[in-house]
Every structure is written in structure tokens, then in C-alpha cells.
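Shown here: input.tsv, TSV, C-alpha atoms and all ligand atoms.
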chain	number	residue	atom	x	y	z
A	1	MET	CA	0.00	0.00	0.00
A	2	ARG	CA	1.31	3.43	-0.86
A	3	LYS	CA	2.34	5.80	1.90
A	4	LYS	CA	0.51	8.90	3.01
A	5	ILE	CA	2.97	11.75	3.36
A	6	VAL	CA	2.77	15.36	4.48
A	7	ALA	CA	5.91	17.41	3.90
A	8	GLY	CA	6.58	21.00	4.92
A	9	ASN	CA	8.67	23.02	2.51
A	10	TRP	CA	9.97	25.85	4.64
A	11	LYS	CA	11.52	27.58	1.60
A	12	MET	CA	13.83	30.52	2.46
A	13	ASN	CA	12.23	31.25	5.83
A	14	ASN	CA	13.46	31.40	9.41
A	15	ASP	CA	16.91	32.07	10.83
A	16	LEU	CA	18.43	29.70	13.37
A	17	ALA	CA	16.56	31.04	16.40
A	18	GLU	CA	13.23	31.07	14.56
A	19	THR	CA	13.89	27.54	13.33
A	20	GLN	CA	14.63	26.37	16.86
A	21	GLU	CA	11.32	27.83	17.99
A	22	LEU	CA	9.39	26.16	15.16
A	23	LEU	CA	11.11	22.83	15.83
A	24	SER	CA	10.36	23.03	19.52
A	25	ASN	CA	6.68	23.88	18.84
A	26	LEU	CA	6.46	20.97	16.42
A	27	LYS	CA	7.88	18.55	18.95
A	28	MET	CA	5.68	19.85	21.74
A	29	GLN	CA	2.51	19.57	19.69
A	30	LEU	CA	3.31	16.24	18.12
A	31	VAL	CA	1.47	14.32	20.81
A	32	LYS	CA	0.52	11.18	18.92
A	33	LYS	CA	2.33	9.35	16.17
A	34	PRO	CA	0.75	10.60	12.96
A	35	GLU	CA	-0.82	8.22	10.48
A	36	ALA	CA	1.08	9.95	7.67
A	37	GLU	CA	4.82	10.09	7.23
A	38	VAL	CA	5.84	13.63	8.17
A	39	MET	CA	8.74	15.56	6.67
A	40	VAL	CA	10.11	19.07	6.97
A	41	ALA	CA	12.53	20.74	4.60
A	42	PRO	CA	14.45	23.65	6.17
A	43	PRO	CA	17.01	25.75	4.30
A	44	PHE	CA	20.56	24.34	4.18
A	45	THR	CA	21.78	26.42	7.14
A	46	ASN	CA	19.20	24.85	9.44
A	47	LEU	CA	19.30	21.25	8.23
A	48	HIS	CA	21.75	20.09	10.84
A	49	GLU	CA	19.81	21.77	13.64
A	50	ALA	CA	16.55	20.21	12.43
A	51	PHE	CA	18.15	16.81	12.10
A	52	LYS	CA	19.56	16.97	15.64
A	53	SER	CA	16.34	18.27	17.10
A	54	LEU	CA	14.01	15.76	15.39
A	55	LYS	CA	16.24	12.73	15.81
A	56	ASP	CA	14.00	10.98	18.32
A	57	THR	CA	10.74	11.83	16.55
A	58	PRO	CA	9.13	10.25	13.49
A	59	VAL	CA	9.64	13.51	11.53
A	60	ILE	CA	12.01	13.15	8.59
A	61	VAL	CA	14.30	16.03	7.58
A	62	ALA	CA	14.59	16.75	3.87
A	63	ALA	CA	16.62	19.25	1.87
A	64	GLN	CA	15.09	21.68	-0.61
A	65	ASN	CA	17.66	21.25	-3.36
A	66	MET	CA	21.07	19.83	-4.22
A	67	HIS	CA	23.59	20.04	-7.06
A	68	GLN	CA	23.91	17.23	-9.60
A	69	ASN	CA	27.69	16.91	-9.21
A	70	GLU	CA	29.36	15.14	-6.32
A	71	ASN	CA	31.92	17.91	-5.62
A	72	GLY	CA	34.04	20.49	-7.39
A	73	ALA	CA	34.04	24.11	-8.46
A	74	PHE	CA	30.35	24.90	-7.97
A	75	THR	CA	30.43	27.84	-5.59
A	76	GLY	CA	27.40	28.01	-3.37
A	77	GLU	CA	26.17	24.50	-4.08
A	78	VAL	CA	25.70	21.37	-1.97
A	79	SER	CA	25.87	17.74	-3.15
A	80	ALA	CA	23.85	14.63	-2.38
A	81	LYS	CA	26.87	13.14	-0.64
A	82	MET	CA	27.12	16.16	1.65
A	83	LEU	CA	23.45	15.90	2.55
A	84	LYS	CA	23.83	12.20	3.29
A	85	SER	CA	26.82	12.90	5.53
A	86	ILE	CA	24.68	14.93	7.94
A	87	GLY	CA	21.87	12.37	7.93
A	88	VAL	CA	19.58	13.89	5.30
A	89	GLU	CA	18.15	11.17	3.09
A	90	THR	CA	15.43	12.99	1.19
A	91	VAL	CA	15.61	15.96	-1.17
A	92	ILE	CA	13.02	18.09	-2.93
A	93	LEU	CA	13.89	18.48	-6.61
A	94	GLY	CA	12.23	20.43	-9.38
A	95	HIS	CA	10.28	22.93	-7.33
A	96	SER	CA	8.69	25.51	-9.63
A	97	GLU	CA	10.54	28.30	-7.80
A	98	ARG	CA	13.84	26.64	-8.71
A	99	ARG	CA	12.68	26.12	-12.28
A	100	ALA	CA	11.58	29.78	-12.54
A	101	HIS	CA	14.29	31.64	-10.60
A	102	PHE	CA	17.28	29.34	-11.02
A	103	HIS	CA	16.62	28.08	-14.54
A	104	GLU	CA	16.42	24.41	-13.67
A	105	THR	CA	15.38	22.59	-16.82
A	106	ASN	CA	13.93	19.10	-17.20
A	107	GLU	CA	17.41	18.00	-18.37
A	108	ILE	CA	19.21	19.38	-15.35
A	109	LEU	CA	16.57	17.82	-13.14
A	110	ALA	CA	17.15	14.42	-14.75
A	111	GLU	CA	20.81	14.74	-13.72
A	112	LYS	CA	19.85	15.78	-10.21
A	113	VAL	CA	17.48	12.81	-9.93
A	114	ASN	CA	20.33	10.50	-10.97
A	115	ALA	CA	22.74	12.04	-8.49
A	116	ALA	CA	20.25	11.69	-5.66
A	117	LEU	CA	19.39	8.07	-6.49
A	118	ASN	CA	23.07	7.16	-6.91
A	119	ASN	CA	23.67	8.42	-3.39
A	120	GLU	CA	20.61	6.67	-2.00
A	121	VAL	CA	18.84	9.93	-1.35
A	122	LYS	CA	15.06	9.80	-1.87
A	123	VAL	CA	13.54	12.38	-4.18
A	124	ILE	CA	10.39	14.42	-3.76
A	125	PHE	CA	10.00	15.34	-7.40
A	126	CYS	CA	7.93	18.50	-8.01
A	127	PHE	CA	6.25	19.45	-11.24
A	128	GLY	CA	3.11	21.20	-12.41
A	129	GLU	CA	1.72	23.50	-15.04
A	130	GLU	CA	1.59	27.28	-15.14
A	131	LEU	CA	-1.66	29.21	-15.39
A	132	LYS	CA	-1.20	29.81	-19.12
A	133	ASP	CA	-0.88	26.04	-19.67
A	134	ARG	CA	-4.13	25.35	-17.88
A	135	GLN	CA	-5.93	28.17	-19.65
A	136	SER	CA	-4.83	26.76	-22.99
A	137	GLU	CA	-5.72	23.23	-21.83
A	138	LYS	CA	-2.13	22.06	-22.14
A	139	HIS	CA	-1.76	21.10	-18.47
A	140	PHE	CA	-1.76	17.35	-19.08
A	141	ASP	CA	0.83	17.68	-21.86
A	142	VAL	CA	3.10	19.89	-19.75
A	143	VAL	CA	2.99	17.50	-16.81
A	144	ALA	CA	3.58	14.45	-19.03
A	145	LYS	CA	6.63	16.16	-20.56
A	146	GLN	CA	8.08	17.15	-17.18
A	147	LEU	CA	7.75	13.57	-15.95
A	148	LYS	CA	9.07	12.00	-19.14
A	149	GLU	CA	12.12	14.23	-19.49
A	150	SER	CA	13.27	14.22	-15.87
A	151	LEU	CA	12.12	10.92	-14.48
A	152	TYR	CA	11.18	8.26	-16.97
A	153	HIS	CA	14.75	7.17	-17.59
A	154	ILE	CA	15.03	5.64	-14.10
A	155	ALA	CA	15.04	1.91	-13.46
A	156	ASP	CA	11.83	0.27	-12.22
A	157	ALA	CA	13.48	-0.45	-8.87
A	158	SER	CA	14.27	3.24	-8.32
A	159	TRP	CA	10.61	4.16	-8.06
A	160	GLU	CA	10.58	3.11	-4.44
A	161	ASN	CA	12.82	6.13	-3.79
A	162	ILE	CA	10.57	8.58	-5.61
A	163	ILE	CA	7.72	10.64	-4.19
A	164	LEU	CA	5.82	12.83	-6.65
A	165	ALA	CA	4.49	16.28	-5.81
A	166	TYR	CA	2.04	17.82	-8.25
A	167	GLU	CA	2.16	21.55	-7.65
A	168	PRO	CA	0.24	23.68	-10.15
A	169	VAL	CA	2.25	26.91	-10.28
A	170	TRP	CA	-0.89	29.06	-10.21
A	171	ALA	CA	-1.81	27.60	-6.82
A	172	ILE	CA	1.52	28.14	-5.07
A	173	GLY	CA	1.47	30.90	-2.49
A	174	THR	CA	-1.57	32.45	-4.14
A	175	GLY	CA	-4.30	31.28	-1.80
A	176	GLU	CA	-5.94	29.74	-4.86
A	177	THR	CA	-6.01	25.97	-4.40
A	178	ALA	CA	-6.77	23.50	-7.12
A	179	SER	CA	-10.19	22.08	-6.39
A	180	PRO	CA	-10.16	18.55	-4.98
A	181	GLU	CA	-11.61	17.45	-8.34
A	182	GLN	CA	-8.85	19.17	-10.31
A	183	ALA	CA	-6.21	17.57	-8.07
A	184	GLN	CA	-7.80	14.13	-8.38
A	185	GLU	CA	-8.12	14.45	-12.16
A	186	MET	CA	-4.42	15.28	-12.53
A	187	HIS	CA	-3.25	12.65	-10.03
A	188	ALA	CA	-5.25	9.97	-11.83
A	189	PHE	CA	-3.71	11.14	-15.12
A	190	ILE	CA	-0.21	10.90	-13.61
A	191	ARG	CA	-0.83	7.37	-12.38
A	192	LYS	CA	-2.14	6.31	-15.78
A	193	ASN	CA	0.86	7.91	-17.47
A	194	ILE	CA	3.28	6.03	-15.18
A	195	SER	CA	1.38	2.81	-15.73
A	196	GLU	CA	1.79	3.20	-19.50
A	197	ALA	CA	5.49	4.11	-19.30
A	198	PHE	CA	6.36	1.54	-16.59
A	199	ASN	CA	3.68	-0.70	-15.15
A	200	GLU	CA	0.51	-0.67	-13.09
A	201	ASN	CA	2.22	-1.82	-9.92
A	202	ILE	CA	4.66	1.10	-9.94
A	203	ALA	CA	1.82	3.49	-10.72
A	204	GLN	CA	-0.21	2.21	-7.78
A	205	GLU	CA	2.69	2.21	-5.32
A	206	VAL	CA	4.10	5.71	-5.86
A	207	SER	CA	2.84	8.39	-3.48
A	208	ILE	CA	1.57	11.49	-5.26
A	209	LEU	CA	1.32	14.60	-3.10
A	210	TYR	CA	-0.59	17.74	-3.95
A	211	GLY	CA	0.96	21.16	-3.26
A	212	GLY	CA	-0.40	24.66	-3.63
A	213	SER	CA	-2.16	26.69	-0.92
A	214	VAL	CA	-3.02	23.68	1.24
A	215	LYS	CA	-4.35	24.92	4.58
A	216	PRO	CA	-5.99	23.31	7.61
A	217	ALA	CA	-9.35	24.40	6.16
A	218	ASN	CA	-8.99	22.59	2.83
A	219	ALA	CA	-6.57	19.71	3.53
A	220	SER	CA	-9.19	17.07	4.43
A	221	GLU	CA	-11.21	17.37	1.25
A	222	ILE	CA	-8.11	17.29	-0.94
A	223	PHE	CA	-6.55	14.34	0.93
A	224	ALA	CA	-9.86	12.46	0.73
A	225	LYS	CA	-9.43	12.05	-3.02
A	226	GLU	CA	-8.47	8.56	-4.07
A	227	ASP	CA	-5.23	9.40	-5.87
A	228	VAL	CA	-4.03	12.14	-3.52
A	229	ASP	CA	-1.65	10.66	-0.98
A	230	GLY	CA	-0.86	13.80	0.98
A	231	GLY	CA	0.58	17.24	0.53
A	232	LEU	CA	3.64	19.39	0.09
A	233	ILE	CA	2.93	22.41	2.22
A	234	GLY	CA	4.54	25.84	1.94
A	235	GLY	CA	3.18	28.77	3.96
A	236	ALA	CA	1.04	26.70	6.32
A	237	SER	CA	4.02	24.55	7.33
A	238	LEU	CA	5.64	27.52	9.07
A	239	LYS	CA	3.16	27.38	11.94
A	240	ALA	CA	3.38	24.15	13.93
A	241	VAL	CA	-0.28	24.13	14.85
A	242	ASP	CA	-1.45	24.56	11.25
A	243	PHE	CA	1.05	22.07	9.88
A	244	LEU	CA	0.05	19.40	12.37
A	245	GLU	CA	-3.62	19.98	11.65
A	246	ILE	CA	-2.83	19.28	8.00
A	247	VAL	CA	-0.74	16.23	9.00
A	248	ASN	CA	-3.79	14.87	10.81
A	249	ALA	CA	-6.27	15.76	8.08
A	250	PHE	CA	-6.60	12.24	6.61
A	301	LIG	P1	2.08	27.17	-0.49
A	301	LIG	O1	1.52	26.08	0.39
A	301	LIG	O2	2.60	28.34	0.29
A	301	LIG	O3	1.13	27.55	-1.58
A	301	LIG	O4	3.38	26.55	-1.21
A	301	LIG	C1	3.30	25.30	-1.79
A	301	LIG	C2	4.65	24.87	-2.17
A	301	LIG	O5	5.29	25.49	-3.00
A	301	LIG	C3	5.23	23.72	-1.47
A	301	LIG	O6	6.39	23.29	-2.08
Is it possible to give me this structure as C-alpha cells?
Ligand code: 13P
Amino acid sequence: MRKKIVAGNWKMNNDLAETQELLSNLKMQLVKKPEAEVMVAPPFTNLHEAFKSLKDTPVIVAAQNMHQNENGAFTGEVSAKMLKSIGVETVILGHSERRAHFHETNEILAEKVNAALNNEVKVIFCFGEELKDRQSEKHFDVVAKQLKESLYHIADASWENIILAYEPVWAIGTGETASPEQAQEMHAFIRKNISEAFNENIAQEVSILYGGSVKPANASEIFAKEDVDGGLIGGASLKAVDFLEIVNAF
């Protein structure tokens, strides 16, 4: 059975002291073991702190990005091996903000996926259409292309280290969520697409998260959809109480 997962993408928020406060609130309010797997992704500077702080909890610490090379002259970058060495075993790749602001292409992302998998780092692979794609009814084509060009070269066995996160760009940080029906429609399409490119078993086993303005008020109805296995949460993951309400929204 595929896993339910709720992951908080903290993006470029919180200095060390603010992170310590958020971590301590999370731990304090995490009274029962959640049904879903819970992850948080702090910025690089706070990964070690988060890892130390959450060590005895079920919360998994993920990174928000990594470089595709193992080491070398890539000023400002961090490799999969470096993440592994501090205990981080999951990385978010392909977030639309990285695609838009840092020019990450499907090709570069394919290399990053390989680097992560080669280092036994799990990937939360993000993708999703822009508003103009949906308005011109190209959203299925755009998503299929993103998946094909960055992910469909992997071996069948690697799928167990992949989590998908469908994040329509028009719903990120805008307060405008995809309707539960729109999310379900796309998630079902993704599963069918994977089934055709690989097989039905892989399609059924991979967790597909929805991301884009998920809040405590709308999480339950989105998570109730058959092909939605959880969420990748931005803004609402920065408040422990809201994040945990979403974690428990299944
Ligand atoms: P928001 O939840 O703030 O819309 O962000 C979603 C997101 O980008 C998670 O990666």
C-alpha cells in the first residue's frame, strides 16, 4: 500500500533562532504518532539543527535542493553526498521556484534525480503547469513532458525512492487551491501515465502529493481524493499548529 505523506517546505524562511522555535513547537505539539509520514525541509543552514532536534521523533528532515555533481568548483552548491553525511536522506527536486528563478530545466533535473538516487537519497519530485498552460488546456501535456524528461529514464526499482508532488504553479502561495476534483483528475492522469510508461504496480505504489495553498481548512477534502496521498505544504508549514492539523487531516 502506498504511503501517506505530508511534507513541509519551509523555503527561504526562518533564521536559526526562529527555526529552533518552530522545531520546539512541532515537537511539543506532536502528541501522537501521525498516520502519515511527516517531513520538513528547512534551508541548508538549518538542516543540521533540524536533524539533531528531530532525531528521536518520526519527523524526517529533507533538503530543498542539491547540485547534480558530487563535488568540485560549484560555488554556493551542496551535493547529495554532503546531505547524506549529515543524515539527510530525502531531497526536494524540481520545485517551480527553482525552475523559474534558477533556470532548472527538465534535463538538469534528470541529472539531479540520478545524483540523488546514486547516493541513496530519496527524491520528492515536483512538477506542475503554469496558469497559461491550464488556460490553454495544455496542463496534461506539460505534466507528461516534465515527468518523461526528468524521471522516466530511471530503473523500475528506483521508483521506491521517488515521491511525486504535483504543484500547479498558479496555486503556489496564491491562496488559490486546485479544487479537490482538479487535483484528483491530474493525479489519476499521472498514475495512468506512469502505468503506461512503466507498469501498473509502480503506478499504484508511488505516493503522489498535492501542493499549492493547502491549509488546515482545505486539507481534508483534498486528501480524501483517491489518488491524492498527501501534501507538500509551503506557507502553512511555518506554523506548527497549522502544519500538524494538516498532517492529521486524513
Ligand atoms: P504554499 O503552500 O505556500 O502555496 O506553497 C506550496 C509549495 O510550493 C510547497 O512546495
Mind checking which residues fall within 10 Å of Glu181 (chain A), counting all atoms listed in the file, ignoring those fewer than 4 positions away in the same chain, and posting them as a PyMOL selection string? chain A and resi 185-187+221-222+225
Which neighbours of region 104-114 of chain A fall inside 10 Å, counting all atoms listed in the file, when residues of the same chain fewer than 5 positions from it are skipped, and could you give them as a PyMOL selection string? chain A and resi 65-69+79-80+91-99+119-125+127+145-154+158+162
One decimal, Å: what's the distance from CA of Trp10 (chain A) over to CA of Ser237 (chain A), could you say? 6.7 Å
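Nearest residue to ligand LIG 301 (chain A), choosing from A:Thr174, A:Asn218, A:Asn161, A:Thr57 and counting only C-alpha atoms and all ligand atoms: A:Thr174.
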Per residue of chain A within 7 Å of ligand LIG 301 (chain A), what are the shortest atom pair and its distance in Å to one decimal, counting all atoms listed in the file, with rows by chain and residue number, as a tab-separated table?
residue	atom	partner	partner_atom	distance
A:Asn9	CA	A:LIG301	O6	5.1
A:His95	CA	A:LIG301	O6	6.5
A:Glu167	CA	A:LIG301	O5	6.9
A:Ala171	CA	A:LIG301	O3	6.0
A:Ile172	CA	A:LIG301	O3	3.6
A:Gly173	CA	A:LIG301	O3	3.5
A:Thr174	CA	A:LIG301	O3	6.2
A:Gly175	CA	A:LIG301	O3	6.6
A:Gly211	CA	A:LIG301	C1	5.0
A:Gly212	CA	A:LIG301	O3	3.9
A:Ser213	CA	A:LIG301	O3	3.5
A:Val214	CA	A:LIG301	O1	5.2
A:Leu232	CA	A:LIG301	C3	4.9
A:Ile233	CA	A:LIG301	O1	4.3
A:Gly234	CA	A:LIG301	O1	3.4
A:Gly235	CA	A:LIG301	O2	3.7
A:Ala236	CA	A:LIG301	O1	6.0
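With only C-alpha atoms as the atoms that count, the minimum distance from Val206 (chain A) to the choices A:Ala219, A:Val247, A:Val142, A:Ala157 is reached by A:Ala157.
In terms of minimum interatomic distance to Leu209 (chain A), A:Leu164 ranks closest within A:Leu164, A:Ala50, A:Ala73, A:Leu244, counting all atoms listed in the file.
In this model, the gap between CA of Phe102 (chain A) and CA of Asn193 (chain A) comes to 27.8 Å.
Using all atoms listed in the file, the smallest distance between any of A:Asn118, A:Gln182, A:Asn14, A:Thr177 and Phe140 (chain A) comes from A:Gln182.
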What are the centre and the three edge lengths of an axis-aligned box that wraps all atoms of region 3-22 of chain A in the file, given that 5 Å is added to every side, written as lines of an AutoDock Vina configuration file and rounded to one decimal in Å?
center_x = 9.5
center_y = 18.9
center_z = 9.8
size_x = 27.9
size_y = 36.3
size_z = 26.4
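Here CA of Ile60 (chain A) and CA of Val88 (chain A) stand 8.3 Å from one another.
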Fix up region 14-25 of chain A with all heavy atoms, then write it as a PDB file, keeping the file's coordinate frame.
ATOM      1  N   ASN A  14      12.990  31.669   8.050  1.00  0.00           N
ATOM      2  CA  ASN A  14      13.460  31.400   9.410  1.00  0.00           C
ATOM      3  C   ASN A  14      14.980  31.323   9.566  1.00  0.00           C
ATOM      4  O   ASN A  14      15.649  30.508   8.921  1.00  0.00           O
ATOM      5  CB  ASN A  14      12.838  30.109   9.975  1.00  0.00           C
ATOM      6  CG  ASN A  14      11.346  30.252  10.193  1.00  0.00           C
ATOM      7  OD1 ASN A  14      10.831  31.364  10.282  1.00  0.00           O
ATOM      8  ND2 ASN A  14      10.652  29.141  10.261  1.00  0.00           N
ATOM      9  N   ASP A  15      15.496  32.166  10.448  1.00  0.00           N
ATOM     10  CA  ASP A  15      16.910  32.070  10.830  1.00  0.00           C
ATOM     11  C   ASP A  15      17.038  30.962  11.877  1.00  0.00           C
ATOM     12  O   ASP A  15      16.052  30.263  12.184  1.00  0.00           O
ATOM     13  CB  ASP A  15      17.439  33.426  11.311  1.00  0.00           C
ATOM     14  CG  ASP A  15      16.732  33.928  12.563  1.00  0.00           C
ATOM     15  OD1 ASP A  15      16.064  33.110  13.252  1.00  0.00           O
ATOM     16  OD2 ASP A  15      16.839  35.132  12.871  1.00  0.00           O
ATOM     17  N   LEU A  16      18.206  30.821  12.445  1.00  0.00           N
ATOM     18  CA  LEU A  16      18.430  29.700  13.370  1.00  0.00           C
ATOM     19  C   LEU A  16      17.496  29.753  14.582  1.00  0.00           C
ATOM     20  O   LEU A  16      16.866  28.754  14.927  1.00  0.00           O
ATOM     21  CB  LEU A  16      19.906  29.669  13.806  1.00  0.00           C
ATOM     22  CG  LEU A  16      20.270  28.534  14.759  1.00  0.00           C
ATOM     23  CD1 LEU A  16      19.994  27.169  14.143  1.00  0.00           C
ATOM     24  CD2 LEU A  16      21.740  28.638  15.180  1.00  0.00           C
ATOM     25  N   ALA A  17      17.401  30.927  15.201  1.00  0.00           N
ATOM     26  CA  ALA A  17      16.560  31.040  16.400  1.00  0.00           C
ATOM     27  C   ALA A  17      15.096  30.765  16.078  1.00  0.00           C
ATOM     28  O   ALA A  17      14.397  30.058  16.819  1.00  0.00           O
ATOM     29  CB  ALA A  17      16.718  32.430  17.017  1.00  0.00           C
ATOM     30  N   GLU A  18      14.631  31.290  14.955  1.00  0.00           N
ATOM     31  CA  GLU A  18      13.230  31.070  14.560  1.00  0.00           C
ATOM     32  C   GLU A  18      12.992  29.585  14.230  1.00  0.00           C
ATOM     33  O   GLU A  18      11.934  29.025  14.538  1.00  0.00           O
ATOM     34  CB  GLU A  18      12.897  31.928  13.334  1.00  0.00           C
ATOM     35  CG  GLU A  18      12.828  33.412  13.654  1.00  0.00           C
ATOM     36  CD  GLU A  18      12.984  34.322  12.429  1.00  0.00           C
ATOM     37  OE1 GLU A  18      13.505  33.878  11.382  1.00  0.00           O
ATOM     38  OE2 GLU A  18      12.625  35.499  12.540  1.00  0.00           O
ATOM     39  N   THR A  19      13.997  28.968  13.650  1.00  0.00           N
ATOM     40  CA  THR A  19      13.890  27.540  13.330  1.00  0.00           C
ATOM     41  C   THR A  19      13.815  26.716  14.610  1.00  0.00           C
ATOM     42  O   THR A  19      13.016  25.781  14.716  1.00  0.00           O
ATOM     43  CB  THR A  19      15.101  27.090  12.488  1.00  0.00           C
ATOM     44  OG1 THR A  19      15.072  27.825  11.275  1.00  0.00           O
ATOM     45  CG2 THR A  19      15.063  25.611  12.174  1.00  0.00           C
ATOM     46  N   GLN A  20      14.651  27.098  15.588  1.00  0.00           N
ATOM     47  CA  GLN A  20      14.630  26.370  16.860  1.00  0.00           C
ATOM     48  C   GLN A  20      13.255  26.466  17.518  1.00  0.00           C
ATOM     49  O   GLN A  20      12.736  25.498  18.059  1.00  0.00           O
ATOM     50  CB  GLN A  20      15.721  26.916  17.794  1.00  0.00           C
ATOM     51  CG  GLN A  20      17.103  26.423  17.381  1.00  0.00           C
ATOM     52  CD  GLN A  20      18.236  27.204  18.027  1.00  0.00           C
ATOM     53  OE1 GLN A  20      18.089  28.358  18.432  1.00  0.00           O
ATOM     54  NE2 GLN A  20      19.394  26.573  18.124  1.00  0.00           N
ATOM     55  N   GLU A  21      12.644  27.638  17.399  1.00  0.00           N
ATOM     56  CA  GLU A  21      11.320  27.830  17.990  1.00  0.00           C
ATOM     57  C   GLU A  21      10.276  26.962  17.268  1.00  0.00           C
ATOM     58  O   GLU A  21       9.463  26.291  17.909  1.00  0.00           O
ATOM     59  CB  GLU A  21      10.943  29.310  17.910  1.00  0.00           C
ATOM     60  CG  GLU A  21       9.742  29.629  18.771  1.00  0.00           C
ATOM     61  CD  GLU A  21       9.285  31.080  18.601  1.00  0.00           C
ATOM     62  OE1 GLU A  21      10.117  31.935  18.245  1.00  0.00           O
ATOM     63  OE2 GLU A  21       8.082  31.317  18.808  1.00  0.00           O
ATOM     64  N   LEU A  22      10.338  26.960  15.944  1.00  0.00           N
ATOM     65  CA  LEU A  22       9.390  26.160  15.160  1.00  0.00           C
ATOM     66  C   LEU A  22       9.576  24.662  15.452  1.00  0.00           C
ATOM     67  O   LEU A  22       8.604  23.920  15.642  1.00  0.00           O
ATOM     68  CB  LEU A  22       9.573  26.457  13.661  1.00  0.00           C
ATOM     69  CG  LEU A  22       8.729  25.686  12.646  1.00  0.00           C
ATOM     70  CD1 LEU A  22       7.241  25.749  12.964  1.00  0.00           C
ATOM     71  CD2 LEU A  22       8.968  26.225  11.233  1.00  0.00           C
ATOM     72  N   LEU A  23      10.832  24.244  15.540  1.00  0.00           N
ATOM     73  CA  LEU A  23      11.110  22.830  15.830  1.00  0.00           C
ATOM     74  C   LEU A  23      10.583  22.458  17.214  1.00  0.00           C
ATOM     75  O   LEU A  23       9.987  21.395  17.401  1.00  0.00           O
ATOM     76  CB  LEU A  23      12.619  22.561  15.768  1.00  0.00           C
ATOM     77  CG  LEU A  23      13.237  22.566  14.365  1.00  0.00           C
ATOM     78  CD1 LEU A  23      14.751  22.652  14.440  1.00  0.00           C
ATOM     79  CD2 LEU A  23      12.812  21.320  13.591  1.00  0.00           C
ATOM     80  N   SER A  24      10.791  23.361  18.177  1.00  0.00           N
ATOM     81  CA  SER A  24      10.360  23.030  19.520  1.00  0.00           C
ATOM     82  C   SER A  24       8.831  23.011  19.599  1.00  0.00           C
ATOM     83  O   SER A  24       8.249  22.140  20.257  1.00  0.00           O
ATOM     84  CB  SER A  24      11.059  23.965  20.522  1.00  0.00           C
ATOM     85  OG  SER A  24      10.156  24.709  21.235  1.00  0.00           O
ATOM     86  N   ASN A  25       8.154  23.917  18.886  1.00  0.00           N
ATOM     87  CA  ASN A  25       6.680  23.880  18.840  1.00  0.00           C
ATOM     88  C   ASN A  25       6.185  22.603  18.174  1.00  0.00           C
ATOM     89  O   ASN A  25       5.216  21.985  18.632  1.00  0.00           O
ATOM     90  CB  ASN A  25       6.139  25.084  18.054  1.00  0.00           C
ATOM     91  CG  ASN A  25       6.243  26.357  18.858  1.00  0.00           C
ATOM     92  OD1 ASN A  25       6.345  26.323  20.078  1.00  0.00           O
ATOM     93  ND2 ASN A  25       6.255  27.490  18.181  1.00  0.00           N
TER      94      ASN A  25
END
